[in-house]
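S.K.: Just dropping this structure here.
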Amino acid sequence: ILIRIRDREGKLHEVDASTDMNMNLMEVVRSYELAPEGTIGICGGIAMCASCQCYICSDHPLPEKTEDEEAMLSEAFYVNDKSRLGCQIRITEDLHGLEVELAPEGA
Ligand code: FES
């Protein structure tokens, strides 16, 4: 599926994300190296660091936040009502055309 990702410098990238590799959004960002190594996915994708925080800019049906995600976002920086943890969003067909923006480093 196609995903549009705005990196931390404001540059927009259109990437092709596979739905049959059980990937999440944080892993897609890492696989295209859209954020420097060591600044995203620090906890390995278990909702414990917020380095994968992103802002959802389109109106796609996303999975509900888990308690762990809510808890982490309540402690993170730069959070707003579009904030999600990328590692908690699995890439599925219905996310085709998703638009996201990476939160600043240190979130
Ligand atoms: Fe740590 Fe997503 S990678 S919360």
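Residue names in the structure tokens use chain letters A, B, ... in the order shown, residue numbers from 1 in each chain, and ligand numbers from 1 in the order shown.
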Residues of chain A within 6 Å of ligand 1: nearest atom pair and distance (Å, one decimal) for each, counting only C-alpha atoms and all ligand atoms, sorted by chain and number, as CSV?
M.R.:
residue,atom,partner,partner_atom_place_in_ligand_line,distance
A:Gly41,CA,ligand 1,3 (S),3.5
A:Ile42,CA,ligand 1,1 (Fe),5.3
A:Cys43,CA,ligand 1,1 (Fe),4.1
A:Gly44,CA,ligand 1,3 (S),5.1
A:Gly45,CA,ligand 1,3 (S),3.7
A:Ile46,CA,ligand 1,1 (Fe),5.6
A:Ala47,CA,ligand 1,4 (S),3.4
A:Met48,CA,ligand 1,4 (S),4.6
A:Cys49,CA,ligand 1,1 (Fe),4.0
A:Ala50,CA,ligand 1,4 (S),4.1
A:Ser51,CA,ligand 1,1 (Fe),5.5
A:Cys52,CA,ligand 1,2 (Fe),4.6
A:Leu85,CA,ligand 1,2 (Fe),5.2
A:Gly86,CA,ligand 1,2 (Fe),5.7
A:Cys87,CA,ligand 1,2 (Fe),4.2
S.K.: Which residues are near Asp59 (chain A)? Cut-off 9 Å, only C-alpha atoms, ignore same chain within fewer than 3 positions. Put them as a list in words.
M.R.: Ile56, Leu62, Leu98 and Glu99 of chain A
S.K.: Give me, please, the distance in Å between CA of Tyr55 (chain A) and CA of Val79 (chain A), quoted to one decimal.
M.R.: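 Computing it gives 8.6 Å between the two atoms.
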S.K.: According to DSSP computed on the backbone, where in chain A is there alpha helix (DSSP H)? Give the residues as a PDB file with N, CA and C atoms, in the first residue's frame.
M.R.:
ATOM      1  N   LEU A  25       4.067   0.564  11.428  1.00  0.00           N
ATOM      2  CA  LEU A  25       4.480   1.828  10.814  1.00  0.00           C
ATOM      3  C   LEU A  25       5.907   2.226  11.204  1.00  0.00           C
ATOM      4  N   MET A  26       6.271   1.993  12.432  1.00  0.00           N
ATOM      5  CA  MET A  26       7.648   2.302  12.864  1.00  0.00           C
ATOM      6  C   MET A  26       8.651   1.511  12.027  1.00  0.00           C
ATOM      7  N   GLU A  27       8.356   0.253  11.760  1.00  0.00           N
ATOM      8  CA  GLU A  27       9.283  -0.571  10.976  1.00  0.00           C
ATOM      9  C   GLU A  27       9.375  -0.092   9.529  1.00  0.00           C
ATOM     10  N   VAL A  28       8.266   0.415   9.012  1.00  0.00           N
ATOM     11  CA  VAL A  28       8.292   0.957   7.649  1.00  0.00           C
ATOM     12  C   VAL A  28       9.212   2.182   7.608  1.00  0.00           C
ATOM     13  N   VAL A  29       9.060   3.066   8.582  1.00  0.00           N
ATOM     14  CA  VAL A  29       9.918   4.263   8.633  1.00  0.00           C
ATOM     15  C   VAL A  29      11.385   3.845   8.710  1.00  0.00           C
ATOM     16  N   ARG A  30      11.653   2.849   9.530  1.00  0.00           N
ATOM     17  CA  ARG A  30      13.040   2.388   9.652  1.00  0.00           C
ATOM     18  C   ARG A  30      13.530   1.744   8.358  1.00  0.00           C
ATOM     19  N   SER A  31      12.696   0.975   7.723  1.00  0.00           N
ATOM     20  CA  SER A  31      13.160   0.261   6.536  1.00  0.00           C
ATOM     21  C   SER A  31      13.488   1.226   5.388  1.00  0.00           C
ATOM     22  N   GLU A  67      -4.023   0.145  26.216  1.00  0.00           N
ATOM     23  CA  GLU A  67      -3.684   0.819  27.479  1.00  0.00           C
ATOM     24  C   GLU A  67      -2.215   1.212  27.515  1.00  0.00           C
ATOM     25  N   ASP A  68      -1.361   0.341  27.004  1.00  0.00           N
ATOM     26  CA  ASP A  68       0.075   0.637  27.004  1.00  0.00           C
ATOM     27  C   ASP A  68       0.379   1.859  26.145  1.00  0.00           C
ATOM     28  N   GLU A  69      -0.282   1.930  24.994  1.00  0.00           N
ATOM     29  CA  GLU A  69      -0.047   3.088  24.113  1.00  0.00           C
ATOM     30  C   GLU A  69      -0.545   4.367  24.770  1.00  0.00           C
ATOM     31  N   GLU A  70      -1.742   4.333  25.329  1.00  0.00           N
ATOM     32  CA  GLU A  70      -2.284   5.506  26.050  1.00  0.00           C
ATOM     33  C   GLU A  70      -1.318   5.953  27.137  1.00  0.00           C
ATOM     34  N   ALA A  71      -0.824   4.989  27.891  1.00  0.00           N
ATOM     35  CA  ALA A  71       0.055   5.305  29.023  1.00  0.00           C
ATOM     36  C   ALA A  71       1.341   5.959  28.537  1.00  0.00           C
ATOM     37  N   MET A  72       1.908   5.415  27.476  1.00  0.00           N
ATOM     38  CA  MET A  72       3.165   5.966  26.962  1.00  0.00           C
ATOM     39  C   MET A  72       2.949   7.367  26.415  1.00  0.00           C
ATOM     40  N   LEU A  73       1.863   7.553  25.667  1.00  0.00           N
ATOM     41  CA  LEU A  73       1.600   8.883  25.098  1.00  0.00           C
ATOM     42  C   LEU A  73       1.318   9.917  26.184  1.00  0.00           C
ATOM     43  N   SER A  74       0.796   9.467  27.314  1.00  0.00           N
ATOM     44  CA  SER A  74       0.514  10.432  28.380  1.00  0.00           C
ATOM     45  C   SER A  74       1.795  10.936  29.024  1.00  0.00           C
ATOM     46  N   GLU A  75       2.903  10.245  28.787  1.00  0.00           N
ATOM     47  CA  GLU A  75       4.193  10.672  29.357  1.00  0.00           C
ATOM     48  C   GLU A  75       5.124  11.282  28.320  1.00  0.00           C
TER      49      GLU A  75
END
S.K.: For a quick check of understanding, using only C-alpha atoms, which of A:Asp7, A:Asp20, A:Asp81, A:Glu14 has the smallest distance to Ala35 (chain A)?
M.R.: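 Of A:Asp7, A:Asp20, A:Asp81, A:Glu14, the one nearest Ala35 (chain A) is A:Asp7, counting only C-alpha atoms.
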S.K.: Report as a PDB file with C-alpha atoms, in the first residue's frame all protein, DNA and RNA residues lying within 6 Å of Ile1 (chain A), evaluated on only C-alpha atoms, omitting residues in the same chain fewer than 6 positions from it.
M.R.:
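Wrote selection-v9.pdb, looks like this:
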ATOM      1  CA  ASP A  16       5.281   1.370  -0.638  1.00  0.00           C
ATOM      2  CA  ALA A  17       4.539  -0.704   2.470  1.00  0.00           C
ATOM      3  CA  HIS A  96      -3.711   2.603   1.783  1.00  0.00           C
TER       4      HIS A  96
END
S.K.: List every residue of chain A that DSSP, applied to the backbone of this structure, assigns to strand (DSSP E), and report them as a PyMOL selection string.
M.R.: chain A and resi 2-6+12-16+53-56+83-85+98-102
S.K.: Suppose you want the space between CA of Ser83 (chain A) and CA of Cys54 (chain A); what is it in Å?
M.R.: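 Separation between CA of Ser83 (chain A) and CA of Cys54 (chain A): 5.6 Å.
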S.K.: So which residues touch Pro104 (chain A) within 8 Å, counting only C-alpha atoms, skipping near sequence neighbours fewer than 2 positions away, as a VMD selection string?
M.R.: chain A and resid 8 78 102 106 to 107
S.K.: Give the answer as one residue: which of A:Ile5, A:Asn80, A:Gly10, A:Met21 has the shortest atom-to-atom distance to Glu33 (chain A), using only C-alpha atoms?
M.R.: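 Selected residue with least distance to Glu33 (chain A): A:Ile5.
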